[in-house]
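**Q** Structure incoming, see below.
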Amino acid sequence: MTVPLFPPITYGIGSMRAEPLDQGPRFVRTGGMSRWHRPRSGVLMPSNRTIYAVWCGQQVGGLHRAAGMLTAETIPDSLPVCATCDGRAVGAGQEQDGPAGRTLLYGPRGLTPPRFCPASRADLFDALPGGTTGRCLACQDTHPIRAMGGPYASRVGIVQHPPGARLFAPCPFHRWRHPRRQGDRLACICGRPLTASQ
Ligand SMILES: [Zn+2]
Ligand SMILES: [Zn+2]
Ligand SMILES: [Zn+2]
């Protein structure tokens with residue numbers, strides 16, 4: 001059993017050497033994906049590879065990923081289903097209902113702290129006695145400071161590090177992305193003061 005696919009509408013202009021597919025599998029993912037997606041459209045390339053455009057905007061299949069593409073009518077593992085794909089497929093009438101008994105997963109960007117402290121490699125630190133370490137203005141942890149930027153644009157920055165437990169509470173607009181030094185304090189690029197979370 002397959003599902004009807006929508007036409008592979010493109011807003012570019014050019015020769016389309018691919019053949020549109022009108023039926024496709026219910027779910028697709030590559031081996032590296034953490035959830036299943038729903039195909040919106042699909043094409044068969046001259047090279048005989050199949051590429052699906054899934055509802056959340058990604059492409060699955062094609063040159064580098066074809067070998068790892070998995071398709072399914074019912075999900076054979078315990079992975080969740082992409083909530084964006086599922087909501088759009090049901091809303092557009094391709095599917096009657098979401099997948100029974102499945103977790104829908106959607107992770108909005110910017111809600112969790114970054115992998116590296118935003119002060120990494122910047123001059124956002126207070127130098128400590130001795131001159132080789134600094135206290136990070138963003139997370140309060142102590143790390144080595146180093147010359148960075150090459151011989152012609154040399155500056156001193158604190159080394160790249162994971163955010164410490166006292167990382168500042170994020171700006172509601174710019175999150176952790178744009179801290180700046182303001183006197184001896186830290187402020188967001190928009191001017192909001194940034195202070196340590198508890
Ligand atoms: Zn998706
Ligand atoms: Zn830090
Ligand atoms: Zn801001």
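Labels used: A, B, ... for chains in the order of the structure tokens, numbers from 1 for residues in each chain, and numbers from 1 for ligands as shown.
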Got a sec to check which residues lie within 7 Å of ligand 2, using only C-alpha atoms and all ligand atoms, and send them as a PDB file with N, CA and C atoms, in the first residue's frame?
**A**
```
ATOM      1  N   CYS A 117      29.858  27.227  24.750  1.00  0.00           N
ATOM      2  CA  CYS A 117      29.562  28.511  25.384  1.00  0.00           C
ATOM      3  C   CYS A 117      29.727  29.631  24.353  1.00  0.00           C
ATOM      4  N   PRO A 118      28.771  30.576  24.290  1.00  0.00           N
ATOM      5  CA  PRO A 118      28.852  31.636  23.282  1.00  0.00           C
ATOM      6  C   PRO A 118      30.034  32.582  23.486  1.00  0.00           C
ATOM      7  N   ALA A 119      30.705  32.516  24.626  1.00  0.00           N
ATOM      8  CA  ALA A 119      31.899  33.344  24.824  1.00  0.00           C
ATOM      9  C   ALA A 119      33.150  32.684  24.238  1.00  0.00           C
ATOM     10  N   SER A 120      33.026  31.438  23.789  1.00  0.00           N
ATOM     11  CA  SER A 120      34.180  30.708  23.260  1.00  0.00           C
ATOM     12  C   SER A 120      34.899  31.516  22.196  1.00  0.00           C
ATOM     13  N   CYS A 136      35.056  33.146  32.439  1.00  0.00           N
ATOM     14  CA  CYS A 136      34.136  33.408  31.335  1.00  0.00           C
ATOM     15  C   CYS A 136      32.991  34.314  31.807  1.00  0.00           C
ATOM     16  N   LEU A 137      32.750  35.384  31.077  1.00  0.00           N
ATOM     17  CA  LEU A 137      31.650  36.292  31.446  1.00  0.00           C
ATOM     18  C   LEU A 137      30.287  35.665  31.177  1.00  0.00           C
ATOM     19  N   ALA A 138      30.251  34.685  30.293  1.00  0.00           N
ATOM     20  CA  ALA A 138      28.964  34.097  29.924  1.00  0.00           C
ATOM     21  C   ALA A 138      28.536  32.978  30.868  1.00  0.00           C
ATOM     22  N   CYS A 139      29.500  32.195  31.352  1.00  0.00           N
ATOM     23  CA  CYS A 139      29.129  31.032  32.178  1.00  0.00           C
ATOM     24  C   CYS A 139      29.883  30.939  33.496  1.00  0.00           C
ATOM     25  N   GLN A 140      30.813  31.862  33.742  1.00  0.00           N
ATOM     26  CA  GLN A 140      31.557  31.945  35.016  1.00  0.00           C
ATOM     27  C   GLN A 140      32.608  30.862  35.193  1.00  0.00           C
ATOM     28  N   ASP A 141      32.728  29.917  34.278  1.00  0.00           N
ATOM     29  CA  ASP A 141      33.764  28.893  34.411  1.00  0.00           C
ATOM     30  C   ASP A 141      35.129  29.489  34.072  1.00  0.00           C
ATOM     31  N   HIS A 161      34.740  26.158  24.860  1.00  0.00           N
ATOM     32  CA  HIS A 161      34.397  25.299  25.991  1.00  0.00           C
ATOM     33  C   HIS A 161      32.889  25.062  26.032  1.00  0.00           C
ATOM     34  N   PRO A 162      32.482  23.952  26.635  1.00  0.00           N
ATOM     35  CA  PRO A 162      31.039  23.728  26.815  1.00  0.00           C
ATOM     36  C   PRO A 162      30.504  24.732  27.824  1.00  0.00           C
ATOM     37  N   PRO A 163      29.233  25.124  27.710  1.00  0.00           N
ATOM     38  CA  PRO A 163      28.708  26.109  28.652  1.00  0.00           C
ATOM     39  C   PRO A 163      28.712  25.570  30.073  1.00  0.00           C
ATOM     40  N   GLY A 164      29.165  26.389  31.018  1.00  0.00           N
ATOM     41  CA  GLY A 164      29.157  25.970  32.422  1.00  0.00           C
ATOM     42  C   GLY A 164      27.751  26.045  32.997  1.00  0.00           C
ATOM     43  N   LEU A 167      25.631  29.446  33.009  1.00  0.00           N
ATOM     44  CA  LEU A 167      25.435  30.174  31.751  1.00  0.00           C
ATOM     45  C   LEU A 167      24.288  31.177  31.912  1.00  0.00           C
TER      46      LEU A 167
END
```
**Q** Which residues are near ligand 1 in this structure, taking near to mean any atom at most 6 Å from a ligand atom and counting only C-alpha atoms and all ligand atoms? Format them as a PyMOL selection string.
**A** chain A and resi 37+54-56+82+84-85
**Q** Using only C-alpha atoms and all ligand atoms, which residues of the polymer chains come no farther than 12 Å from ligand 3? I'd like the answer as a ChimeraX atom specification.
**A** /A:169-180,186-194
**Q** At a cut-off of 12 Å, can you tabulate as a tab-separated table every residue of segment 78-161 of chain A near segment 16-32 of chain A together with its closest atom pair and the distance in Å to one decimal, using only C-alpha atoms and ordering rows by chain then number?
**A**
```
residue	atom	partner	partner_atom	distance
A:Leu79	CA	A:Arg29	CA	10.4
A:Pro80	CA	A:Phe27	CA	11.1
A:Val81	CA	A:Phe27	CA	8.6
A:Cys82	CA	A:Phe27	CA	9.9
A:Cys85	CA	A:Phe27	CA	9.8
A:Asp86	CA	A:Phe27	CA	9.9
A:Ala89	CA	A:Arg26	CA	10.1
A:Val90	CA	A:Arg26	CA	11.9
A:Gln94	CA	A:Arg26	CA	9.8
A:Glu95	CA	A:Arg26	CA	9.0
A:Gly98	CA	A:Arg26	CA	11.2
A:Pro99	CA	A:Arg26	CA	10.1
```
**Q** Atom CA of Ile13 of chain A and atom CA of Met45 of chain A are how many Å apart?
**A** 17.1 Å
